[in-house]
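Peer 1: This one is input-v5.pdb, PDB, C-alpha atoms.
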```
ATOM      1  CA  MET P   1     -89.872 112.197-141.602
ATOM      2  CA  ASN P   2     -90.435 109.020-143.640
ATOM      3  CA  GLN P   3     -89.353 108.491-147.243
ATOM      4  CA  SER P   4     -92.792 109.343-148.635
ATOM      5  CA  GLU P   5     -92.891 112.653-146.741
ATOM      6  CA  GLN P   6     -89.352 113.481-147.899
ATOM      7  CA  LYS P   7     -90.436 113.042-151.516
ATOM      8  CA  GLU P   8     -93.493 115.243-151.002
ATOM      9  CA  ASN P   9     -91.373 118.010-149.437
ATOM     10  CA  ALA P  10     -88.510 117.724-151.944
ATOM     11  CA  PRO P  11     -87.949 121.053-153.714
ATOM     12  CA  LEU P  12     -88.335 121.293-157.453
ATOM     13  CA  ILE P  13     -85.034 120.955-159.303
ATOM     14  CA  SER P  14     -84.807 122.230-162.865
ATOM     15  CA  ILE P  15     -82.483 120.670-165.405
ATOM     16  CA  ALA P  16     -81.405 123.163-168.061
ATOM     17  CA  LEU P  17     -80.697 121.244-171.267
ATOM     18  CA  CYS P  18     -79.671 123.104-174.403
ATOM     19  CA  THR P  19     -79.927 121.252-177.698
ATOM     20  CA  TYR P  20     -78.514 121.815-181.151
ATOM     21  CA  ASN P  21     -78.471 119.051-183.759
ATOM     22  CA  GLY P  22     -78.198 116.458-181.015
ATOM     23  CA  GLU P  23     -80.169 113.577-182.513
ATOM     24  CA  ARG P  24     -77.393 110.986-182.173
ATOM     25  CA  TYR P  25     -76.916 111.106-178.417
ATOM     26  CA  LEU P  26     -79.991 112.909-177.074
ATOM     27  CA  PRO P  27     -82.228 109.848-176.451
ATOM     28  CA  LEU P  28     -79.651 108.205-174.186
ATOM     29  CA  GLN P  29     -79.152 111.407-172.223
ATOM     30  CA  LEU P  30     -82.887 111.990-171.817
ATOM     31  CA  GLU P  31     -83.268 108.450-170.492
ATOM     32  CA  SER P  32     -80.606 109.144-167.873
ATOM     33  CA  LEU P  33     -82.355 112.366-166.825
ATOM     34  CA  LEU P  34     -85.838 110.883-166.617
ATOM     35  CA  THR P  35     -84.704 107.911-164.513
ATOM     36  CA  GLN P  36     -83.006 109.966-161.808
ATOM     37  CA  THR P  37     -83.605 108.745-158.258
ATOM     38  CA  TYR P  38     -84.583 112.326-157.385
ATOM     39  CA  GLU P  39     -87.990 112.618-159.029
ATOM     40  CA  ASN P  40     -89.277 116.171-158.441
ATOM     41  CA  LEU P  41     -87.740 117.528-161.617
ATOM     42  CA  GLU P  42     -88.543 119.701-164.578
ATOM     43  CA  ILE P  43     -86.429 119.485-167.717
ATOM     44  CA  ILE P  44     -86.167 122.798-169.538
ATOM     45  CA  ILE P  45     -85.031 122.177-173.104
ATOM     46  CA  VAL P  46     -84.083 125.190-175.207
ATOM     47  CA  ASP P  47     -83.351 124.261-178.797
ATOM     48  CA  ASP P  48     -81.034 126.544-180.718
ATOM     49  CA  LYS P  49     -82.712 126.036-184.132
ATOM     50  CA  SER P  50     -81.697 122.454-184.828
ATOM     51  CA  SER P  51     -81.890 121.234-188.417
ATOM     52  CA  ASP P  52     -81.850 117.488-187.707
ATOM     53  CA  ASN P  53     -84.378 115.276-185.869
ATOM     54  CA  THR P  54     -83.685 116.750-182.411
ATOM     55  CA  LEU P  55     -87.129 118.351-182.081
ATOM     56  CA  GLU P  56     -88.919 115.166-183.135
ATOM     57  CA  ILE P  57     -87.024 113.264-180.438
ATOM     58  CA  VAL P  58     -87.910 115.853-177.807
ATOM     59  CA  HIS P  59     -91.611 115.806-178.770
ATOM     60  CA  ASP P  60     -91.622 112.027-178.523
ATOM     61  CA  TYR P  61     -90.259 112.178-174.983
ATOM     62  CA  MET P  62     -92.624 114.999-174.037
ATOM     63  CA  ASN P  63     -95.517 112.707-174.884
ATOM     64  CA  ARG P  64     -94.130 110.182-172.409
ATOM     65  CA  ASP P  65     -93.180 112.515-169.554
ATOM     66  CA  SER P  66     -94.857 115.804-168.626
ATOM     67  CA  ARG P  67     -91.745 117.025-166.783
ATOM     68  CA  ILE P  68     -90.180 118.041-170.121
ATOM     69  CA  LYS P  69     -90.783 121.595-171.363
ATOM     70  CA  LEU P  70     -89.543 122.684-174.782
ATOM     71  CA  TYR P  71     -88.647 126.181-175.956
ATOM     72  CA  LYS P  72     -87.495 126.839-179.523
ATOM     73  CA  ASN P  73     -85.277 129.711-180.614
ATOM     74  CA  GLU P  74     -86.321 131.421-183.831
ATOM     75  CA  GLN P  75     -82.656 131.899-184.675
ATOM     76  CA  ASN P  76     -79.371 130.459-183.460
ATOM     77  CA  ILE P  77     -78.180 132.475-180.439
ATOM     78  CA  GLY P  78     -75.080 130.505-179.374
ATOM     79  CA  PHE P  79     -74.379 128.385-176.321
ATOM     80  CA  ASN P  80     -73.792 131.206-173.787
ATOM     81  CA  ASN P  81     -77.073 132.935-174.597
ATOM     82  CA  ASN P  82     -78.876 129.635-174.884
ATOM     83  CA  PHE P  83     -77.866 128.429-171.432
ATOM     84  CA  GLY P  84     -78.650 131.852-169.995
ATOM     85  CA  LYS P  85     -82.136 131.601-171.517
ATOM     86  CA  ALA P  86     -82.642 128.079-170.180
ATOM     87  CA  LEU P  87     -81.645 129.136-166.660
ATOM     88  CA  SER P  88     -83.965 132.146-166.775
ATOM     89  CA  LEU P  89     -86.904 129.924-167.767
ATOM     90  CA  ALA P  90     -86.354 127.444-164.931
ATOM     91  CA  ALA P  91     -88.758 127.481-161.988
ATOM     92  CA  GLY P  92     -86.870 125.203-159.606
ATOM     93  CA  GLU P  93     -85.291 126.154-156.303
ATOM     94  CA  PHE P  94     -82.182 124.414-157.638
ATOM     95  CA  LEU P  95     -80.949 124.250-161.213
ATOM     96  CA  ALA P  96     -78.708 121.653-162.827
ATOM     97  CA  ILE P  97     -77.007 122.031-166.192
ATOM     98  CA  SER P  98     -77.006 119.278-168.794
ATOM     99  CA  ASP P  99     -75.207 118.749-172.082
ATOM    100  CA  GLN P 100     -77.143 116.933-174.808
ATOM    101  CA  ASP P 101     -74.629 114.136-175.329
ATOM    102  CA  ASP P 102     -73.567 112.960-171.853
ATOM    103  CA  VAL P 103     -74.983 110.199-169.660
ATOM    104  CA  TRP P 104     -75.778 110.877-165.996
ATOM    105  CA  GLU P 105     -75.458 108.446-163.119
ATOM    106  CA  LYS P 106     -78.943 107.688-161.796
ATOM    107  CA  ASP P 107     -78.276 109.298-158.397
ATOM    108  CA  LYS P 108     -76.521 112.411-159.712
ATOM    109  CA  ILE P 109     -79.200 114.944-158.733
ATOM    110  CA  GLU P 110     -79.772 113.235-155.392
ATOM    111  CA  VAL P 111     -76.061 113.305-154.519
ATOM    112  CA  LEU P 112     -75.646 116.949-155.511
ATOM    113  CA  PHE P 113     -78.787 117.988-153.636
ATOM    114  CA  ASN P 114     -77.710 116.138-150.495
ATOM    115  CA  ASN P 115     -74.275 117.793-150.522
ATOM    116  CA  ILE P 116     -74.868 121.383-151.609
ATOM    117  CA  GLN P 117     -75.681 122.518-148.029
ATOM    118  CA  ASP P 118     -76.004 126.334-147.911
ATOM    119  CA  ASN P 119     -73.806 126.913-150.956
ATOM    120  CA  TRP P 120     -74.946 128.475-154.212
ATOM    121  CA  LEU P 121     -73.067 126.036-156.398
ATOM    122  CA  ILE P 122     -71.884 122.444-156.239
ATOM    123  CA  PHE P 123     -69.801 120.764-158.933
ATOM    124  CA  SER P 124     -68.598 117.199-159.325
ATOM    125  CA  ASN P 125     -66.333 115.048-161.480
ATOM    126  CA  SER P 126     -66.859 113.119-164.710
ATOM    127  CA  ALA P 127     -65.483 110.044-166.419
ATOM    128  CA  LEU P 128     -64.614 110.601-170.076
ATOM    129  CA  ILE P 129     -66.096 108.452-172.831
ATOM    130  CA  ASP P 130     -65.548 108.603-176.581
ATOM    131  CA  GLN P 131     -68.131 109.242-179.290
ATOM    132  CA  ASP P 132     -69.205 105.586-179.134
ATOM    133  CA  GLY P 133     -69.578 105.558-175.348
ATOM    134  CA  VAL P 134     -66.347 103.631-174.736
ATOM    135  CA  PRO P 135     -64.606 104.680-171.473
ATOM    136  CA  LEU P 136     -61.325 106.502-172.071
ATOM    137  CA  GLY P 137     -59.974 105.642-168.625
ATOM    138  CA  GLU P 138     -59.620 109.303-167.671
ATOM    139  CA  LEU P 139     -61.358 111.721-165.328
ATOM    140  CA  LEU P 140     -62.266 115.274-166.250
ATOM    141  CA  MET P 141     -60.548 116.544-163.097
ATOM    142  CA  LYS P 142     -57.315 114.706-162.382
ATOM    143  CA  GLN P 143     -55.316 115.110-159.164
ATOM    144  CA  VAL P 144     -57.548 117.910-157.945
ATOM    145  CA  ASP P 145     -59.628 117.858-154.781
ATOM    146  CA  LEU P 146     -60.688 121.385-153.913
ATOM    147  CA  LYS P 147     -61.260 121.240-150.166
ATOM    148  CA  GLN P 148     -61.901 124.980-150.137
ATOM    149  CA  VAL P 149     -62.952 126.705-153.343
ATOM    150  CA  ASP P 150     -61.320 130.098-153.941
ATOM    151  CA  PHE P 151     -62.074 132.521-156.783
ATOM    152  CA  LYS P 152     -58.377 132.496-157.667
ATOM    153  CA  ASN P 153     -58.804 128.819-158.602
ATOM    154  CA  PHE P 154     -60.603 130.113-161.696
ATOM    155  CA  LEU P 155     -58.081 132.616-163.035
ATOM    156  CA  PHE P 156     -56.316 130.082-165.234
ATOM    157  CA  SER P 157     -58.642 127.057-165.320
ATOM    158  CA  ASN P 158     -62.342 126.274-165.357
ATOM    159  CA  TYR P 159     -63.197 123.691-162.692
ATOM    160  CA  THR P 160     -66.969 124.126-162.821
ATOM    161  CA  THR P 161     -67.731 122.544-166.169
ATOM    162  CA  GLY P 162     -71.451 123.118-166.732
ATOM    163  CA  HIS P 163     -72.504 119.487-166.973
ATOM    164  CA  THR P 164     -71.034 118.752-163.516
ATOM    165  CA  SER P 165     -72.890 121.541-161.722
ATOM    166  CA  MET P 166     -76.013 122.345-159.763
ATOM    167  CA  MET P 167     -76.844 125.756-158.327
ATOM    168  CA  HIS P 168     -79.319 127.402-155.994
ATOM    169  CA  ARG P 169     -81.464 129.946-157.758
ATOM    170  CA  ASP P 170     -80.091 132.681-155.447
ATOM    171  CA  LEU P 171     -77.007 132.583-157.667
ATOM    172  CA  LEU P 172     -78.982 133.612-160.746
ATOM    173  CA  LYS P 173     -79.246 137.266-159.780
ATOM    174  CA  TYR P 174     -75.449 137.443-159.728
ATOM    175  CA  VAL P 175     -74.686 135.539-162.950
ATOM    176  CA  LEU P 176     -77.489 136.632-165.276
ATOM    177  CA  PRO P 177     -77.248 137.915-167.875
ATOM    178  CA  ILE P 178     -74.411 135.649-168.972
ATOM    179  CA  PRO P 179     -71.583 137.758-170.468
ATOM    180  CA  GLU P 180     -71.297 137.523-174.252
ATOM    181  CA  ALA P 181     -67.573 136.756-174.069
ATOM    182  CA  GLY P 182     -66.020 133.704-172.447
ATOM    183  CA  PHE P 183     -67.672 130.522-171.226
ATOM    184  CA  TYR P 184     -70.902 130.584-169.224
ATOM    185  CA  ASP P 185     -69.872 127.824-166.790
ATOM    186  CA  TRP P 186     -66.470 129.366-166.077
ATOM    187  CA  TRP P 187     -68.274 132.629-165.276
ATOM    188  CA  ILE P 188     -70.778 130.900-162.984
ATOM    189  CA  GLY P 189     -68.000 129.091-161.109
ATOM    190  CA  PHE P 190     -65.984 132.271-160.622
ATOM    191  CA  VAL P 191     -68.961 134.230-159.268
ATOM    192  CA  ALA P 192     -70.028 131.517-156.804
ATOM    193  CA  ALA P 193     -66.437 131.044-155.635
ATOM    194  CA  TYR P 194     -65.962 134.794-155.241
ATOM    195  CA  HIS P 195     -68.815 134.841-152.727
ATOM    196  CA  ASN P 196     -67.432 131.734-150.962
ATOM    197  CA  LYS P 197     -70.545 129.828-151.981
ATOM    198  CA  ALA P 198     -69.068 127.030-154.110
ATOM    199  CA  ILE P 199     -68.271 123.464-153.067
ATOM    200  CA  PHE P 200     -66.665 120.535-154.848
ATOM    201  CA  CYS P 201     -68.203 117.062-154.604
ATOM    202  CA  ASN P 202     -65.368 114.702-155.499
ATOM    203  CA  LYS P 203     -67.550 112.011-157.041
ATOM    204  CA  VAL P 204     -67.910 110.847-160.625
ATOM    205  CA  LEU P 205     -71.542 111.533-161.494
ATOM    206  CA  THR P 206     -71.423 111.924-165.271
ATOM    207  CA  GLN P 207     -70.111 110.050-168.271
ATOM    208  CA  HIS P 208     -68.887 112.985-170.323
ATOM    209  CA  ARG P 209     -68.623 112.440-174.044
ATOM    210  CA  VAL P 210     -65.534 113.774-175.801
ATOM    211  CA  HIS P 211     -65.972 114.140-179.542
ATOM    212  CA  LYS P 212     -65.215 116.560-182.341
ATOM    213  CA  ASN P 213     -68.639 118.221-182.233
ATOM    214  CA  SER P 214     -68.259 119.599-178.691
ATOM    215  CA  VAL P 215     -67.518 123.336-178.436
ATOM    216  CA  ILE P 216     -64.070 123.033-176.837
ATOM    217  CA  GLN P 217     -63.009 120.046-178.922
ATOM    218  CA  GLU P 218     -63.988 121.853-182.106
ATOM    219  CA  LYS P 219     -61.755 124.779-181.178
ATOM    220  CA  LEU P 220     -58.847 122.589-180.140
ATOM    221  CA  LEU P 221     -59.031 120.355-183.202
ATOM    222  CA  SER P 222     -59.209 123.346-185.497
ATOM    223  CA  ASN P 223     -55.975 124.546-183.895
ATOM    224  CA  ALA P 224     -54.254 121.205-183.876
ATOM    225  CA  ASP P 225     -50.603 122.229-183.786
ATOM    226  CA  LYS P 226     -48.982 123.009-180.440
ATOM    227  CA  GLU P 227     -48.354 126.688-181.149
ATOM    228  CA  SER P 228     -51.939 127.297-182.240
ATOM    229  CA  ARG P 229     -53.293 125.515-179.166
ATOM    230  CA  SER P 230     -51.044 127.653-176.953
ATOM    231  CA  LYS P 231     -52.344 130.789-178.611
ATOM    232  CA  LEU P 232     -55.920 129.602-178.149
ATOM    233  CA  VAL P 233     -55.398 128.887-174.434
ATOM    234  CA  PHE P 234     -53.727 132.270-173.956
ATOM    235  CA  HIS P 235     -56.579 134.181-175.595
ATOM    236  CA  VAL P 236     -59.273 132.148-173.790
ATOM    237  CA  VAL P 237     -57.698 132.900-170.395
ATOM    238  CA  GLN P 238     -57.172 136.541-171.338
ATOM    239  CA  GLN P 239     -60.836 136.797-172.338
ATOM    240  CA  GLN P 240     -62.051 135.264-169.076
ATOM    241  CA  LEU P 241     -59.822 137.543-166.979
ATOM    242  CA  ASN P 242     -61.291 140.528-168.780
ATOM    243  CA  VAL P 243     -64.802 139.308-167.946
ATOM    244  CA  PHE P 244     -63.928 138.613-164.307
ATOM    245  CA  LYS P 245     -62.356 142.022-163.660
ATOM    246  CA  ASN P 246     -65.637 143.648-164.704
ATOM    247  CA  TYR P 247     -67.828 141.660-162.304
ATOM    248  CA  ALA P 248     -70.162 144.217-160.733
ATOM    249  CA  HIS P 249     -69.904 142.932-157.143
ATOM    250  CA  LEU P 250     -66.132 142.938-156.745
ATOM    251  CA  LEU P 251     -64.677 144.576-153.679
ATOM    252  CA  PRO P 252     -62.307 147.431-154.610
ATOM    253  CA  LYS P 253     -59.193 145.488-153.537
ATOM    254  CA  ASP P 254     -60.216 142.473-155.591
ATOM    255  CA  LYS P 255     -61.012 144.603-158.625
ATOM    256  CA  ILE P 256     -57.538 146.116-158.408
ATOM    257  CA  PHE P 257     -55.991 142.658-158.087
ATOM    258  CA  LEU P 258     -57.873 141.309-161.111
ATOM    259  CA  GLU P 259     -57.072 144.369-163.213
ATOM    260  CA  GLU P 260     -53.383 144.055-162.349
ATOM    261  CA  PHE P 261     -53.390 140.305-162.989
ATOM    262  CA  GLU P 262     -55.145 140.646-166.344
ATOM    263  CA  ASN P 263     -52.807 143.450-167.369
ATOM    264  CA  ALA P 264     -49.724 141.466-166.349
ATOM    265  CA  TYR P 265     -51.022 138.366-168.113
ATOM    266  CA  SER P 266     -51.737 140.310-171.325
ATOM    267  CA  ASN P 267     -48.333 142.009-171.247
ATOM    268  CA  GLY P 268     -46.748 138.616-170.677
ATOM    269  CA  SER P 269     -47.326 137.824-174.347
ATOM    270  CA  LYS P 270     -44.763 140.513-175.219
ATOM    271  CA  GLY P 271     -41.982 139.022-173.127
ATOM    272  CA  PHE P 272     -41.099 137.917-169.628
ATOM    273  CA  SER P 273     -43.133 139.808-167.030
ATOM    274  CA  PHE P 274     -41.629 139.837-163.551
ATOM    275  CA  LYS P 275     -44.891 141.204-162.152
ATOM    276  CA  LEU P 276     -46.860 138.307-163.612
ATOM    277  CA  PHE P 277     -44.261 135.845-162.361
ATOM    278  CA  TRP P 278     -44.501 137.297-158.855
ATOM    279  CA  MET P 279     -48.316 137.382-158.827
ATOM    280  CA  TYR P 280     -48.414 133.779-160.031
ATOM    281  CA  LEU P 281     -45.890 132.672-157.422
ATOM    282  CA  LYS P 282     -47.538 134.559-154.565
ATOM    283  CA  ASP P 283     -50.915 132.877-155.149
ATOM    284  CA  PHE P 284     -49.651 129.730-156.851
ATOM    285  CA  ASN P 285     -51.616 127.240-154.723
ATOM    286  CA  GLN P 286     -54.898 129.018-155.429
ATOM    287  CA  ILE P 287     -54.251 129.654-159.126
ATOM    288  CA  HIS P 288     -52.908 126.148-159.789
ATOM    289  CA  PRO P 289     -54.524 123.833-157.206
ATOM    290  CA  ASP P 290     -53.602 120.862-159.394
ATOM    291  CA  ARG P 291     -49.918 121.648-158.755
ATOM    292  CA  LYS P 292     -49.974 122.915-155.179
ATOM    293  CA  HIS P 293     -48.176 119.830-153.826
ATOM    294  CA  LYS P 294     -45.180 120.348-156.127
ATOM    295  CA  SER P 295     -41.842 121.513-154.745
ATOM    296  CA  PHE P 296     -40.938 125.196-154.790
ATOM    297  CA  LEU P 297     -38.380 124.593-157.536
ATOM    298  CA  SER P 298     -40.948 122.716-159.617
ATOM    299  CA  LYS P 299     -43.391 125.609-159.263
ATOM    300  CA  VAL P 300     -40.762 128.145-160.334
ATOM    301  CA  ASN P 301     -39.809 126.070-163.388
ATOM    302  CA  TYR P 302     -43.455 125.704-164.319
ATOM    303  CA  LEU P 303     -43.978 129.476-164.148
ATOM    304  CA  ARG P 304     -40.858 130.067-166.252
ATOM    305  CA  LYS P 305     -42.248 127.630-168.814
ATOM    306  CA  ILE P 306     -45.545 129.501-168.922
ATOM    307  CA  SER P 307     -43.682 132.772-169.407
ATOM    308  CA  ARG P 308     -41.642 131.355-172.257
ATOM    309  CA  ALA P 309     -44.756 129.906-173.878
ATOM    310  CA  LYS P 310     -46.579 133.217-173.756
ATOM    311  CA  HIS P 311     -43.500 135.035-175.038
ATOM    312  CA  SER P 312     -43.840 133.053-178.303
ATOM    313  CA  LEU P 313     -47.436 134.205-178.734
ATOM    314  CA  SER P 314     -46.484 137.744-179.696
ATOM    315  CA  SER P 315     -45.242 136.559-183.073
TER     316      SER P 315
END
```
Transcribe the structure of this file into structure tokens.
Peer 2:
Amino acid sequence: MNQSEQKENAPLISIALCTYNGERYLPLQLESLLTQTYENLEIIIVDDKSSDNTLEIVHDYMNRDSRIKLYKNEQNIGFNNNFGKALSLAAGEFLAISDQDDVWEKDKIEVLFNNIQDNWLIFSNSALIDQDGVPLGELLMKQVDLKQVDFKNFLFSNYTTGHTSMMHRDLLKYVLPIPEAGFYDWWIGFVAAYHNKAIFCNKVLTQHRVHKNSVIQEKLLSNADKESRSKLVFHVVQQQLNVFKNYAHLLPKDKIFLEEFENAYSNGSKGFSFKLFWMYLKDFNQIHPDRKHKSFLSKVNYLRKISRAKHSLSS
């Protein structure tokens, strides 16, 4: 098959882009989406009732490129519901998720499409930039190369940040509707990994902007002291565990495991929990893949530190 025939037979890939007051960075991101080397795209933009010039920018680009489709919310519905809506409106065989303020490498979609194989989800890495686009010299995922993705990778950390991901539409019937609580991308990653249908592409395909207006940064900066950040992390993880244990397609043994883990984690805030310590240690390499090469003593000390940190949260 020649290159022309490959293009003709290339499946439609939808890019789900949610916007909210994104006028500052949106034009640069749209340029990076519209100049992708993979051309059979549709860009589904769902605007969550912006009050700046976001809609004017989108209309301008729609006049230039018919691949853009705009949907406007009559009221603000929040980022989980907004991304769920964008995914449900997409027609593509594959769906990629986009933030409004990043910049994609030109071959991002092509690389993800060529590497997803028969998986439901593929996720990649990002280089961090500041609000002015200056490289911060850091990667989103440091010292992690998930050769085999396990659902236990997601109990404590979210490795499938939305902007790094592309999914097959077969995954939608398992992840929609997006749960109200937690983070939509963490949920999507957990579900795909649970069915052994997630793969990591260890390539930097996005310049990911870190600034005070992003959802996570806003929460972290509003809880700037160490104790408040620890409390935030504890409650975020607790919330996600509660969502995961209620996933409708869990096998009975896995449901029991997740219920016990969530219960032990929650009780850990009241003091040292031997059960939590043991469950952590037993599955340490899956729960903390970024630390799996550490010595046994280092792992034990790390778990003791976590237990002490959570003990302070009960106050």
Peer 1: Could you give me, as an NGL selection string, the residues within 8 Å of stretch 12-20 of chain P, counting only C-alpha atoms and dropping anything in the same chain fewer than 5 positions from it?
Peer 2: :P and (40-50 or 54 or 79 or 82-83 or 86-87 or 90-100)
Peer 1: Just checking: using only C-alpha atoms, which residue out of P:Ala181, P:Val175, P:Val210, P:Cys201 ends up closest to P:Tyr159?
Peer 2: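 With only C-alpha atoms as the atom set, the closest residue is P:Cys201.
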Peer 1: Determine, counting all atoms listed in the file, which protein, DNA and RNA residues have an atom within 10 Å of an atom of P:Asn119; residues of the same chain fewer than 5 positions away are not included. Present the result as a list in words.
Peer 2: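 Counting all atoms listed in the file, the residues come to Met167, His168, Asp170, Leu171, Ala192, Ala193, His195, Asn196, Lys197, Ala198 and Ile199 of chain P.
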Peer 1: Decode the PyMOL selection byres ((chain P and resi 28) around 12) for the given file into explicit residues and return them as a ChimeraX atom specification.
Peer 2: /P:22-27,29-35,57-58,61,99-105,132-133,207,209
Peer 1: Atom CA of P:Asp60 to atom CA of P:Asn76: how many Å, to one decimal?
Peer 2: 22.7 Å
Peer 1: Run the PyMOL selection byres ((chain P and resi 108) around 9) against the file shown and list the residues it catches, as a list of chain:residue names.
Peer 2: P:Gln36, P:Thr37, P:Tyr38, P:Trp104, P:Glu105, P:Lys106, P:Asp107, P:Ile109, P:Glu110, P:Val111, P:Leu112, P:Phe113, P:Val204, P:Leu205, P:Thr206
Peer 1: Which of these residues is nearest to P:Gln117, using all atoms listed in the file: P:Asn263, P:Asp145, P:Asn21, P:Phe200?
Peer 2: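 Using all atoms listed in the file, the shortest distance to P:Gln117 belongs to P:Phe200.
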Peer 1: I want to know what sits within 6 Å of stretch 275-286 of chain P, based on all atoms listed in the file, with residues of the same chain fewer than 6 positions away left out; could you give that as a VMD selection string?
Peer 2: chain P and resid 152 to 153 264 292
Peer 1: Pick from P:Glu39, P:Tyr194, P:Pro179, P:Ser157: nearest to P:Asn9, with all atoms listed in the file counted?
Peer 2: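 Looking at the shortest contact to P:Asn9, the residue is P:Glu39.
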Peer 1: Taking only C-alpha atoms into account, which of P:Asn202, P:His59, P:Gly137, P:Glu74 comes nearest P:Ser124?
Peer 2: P:Asn202
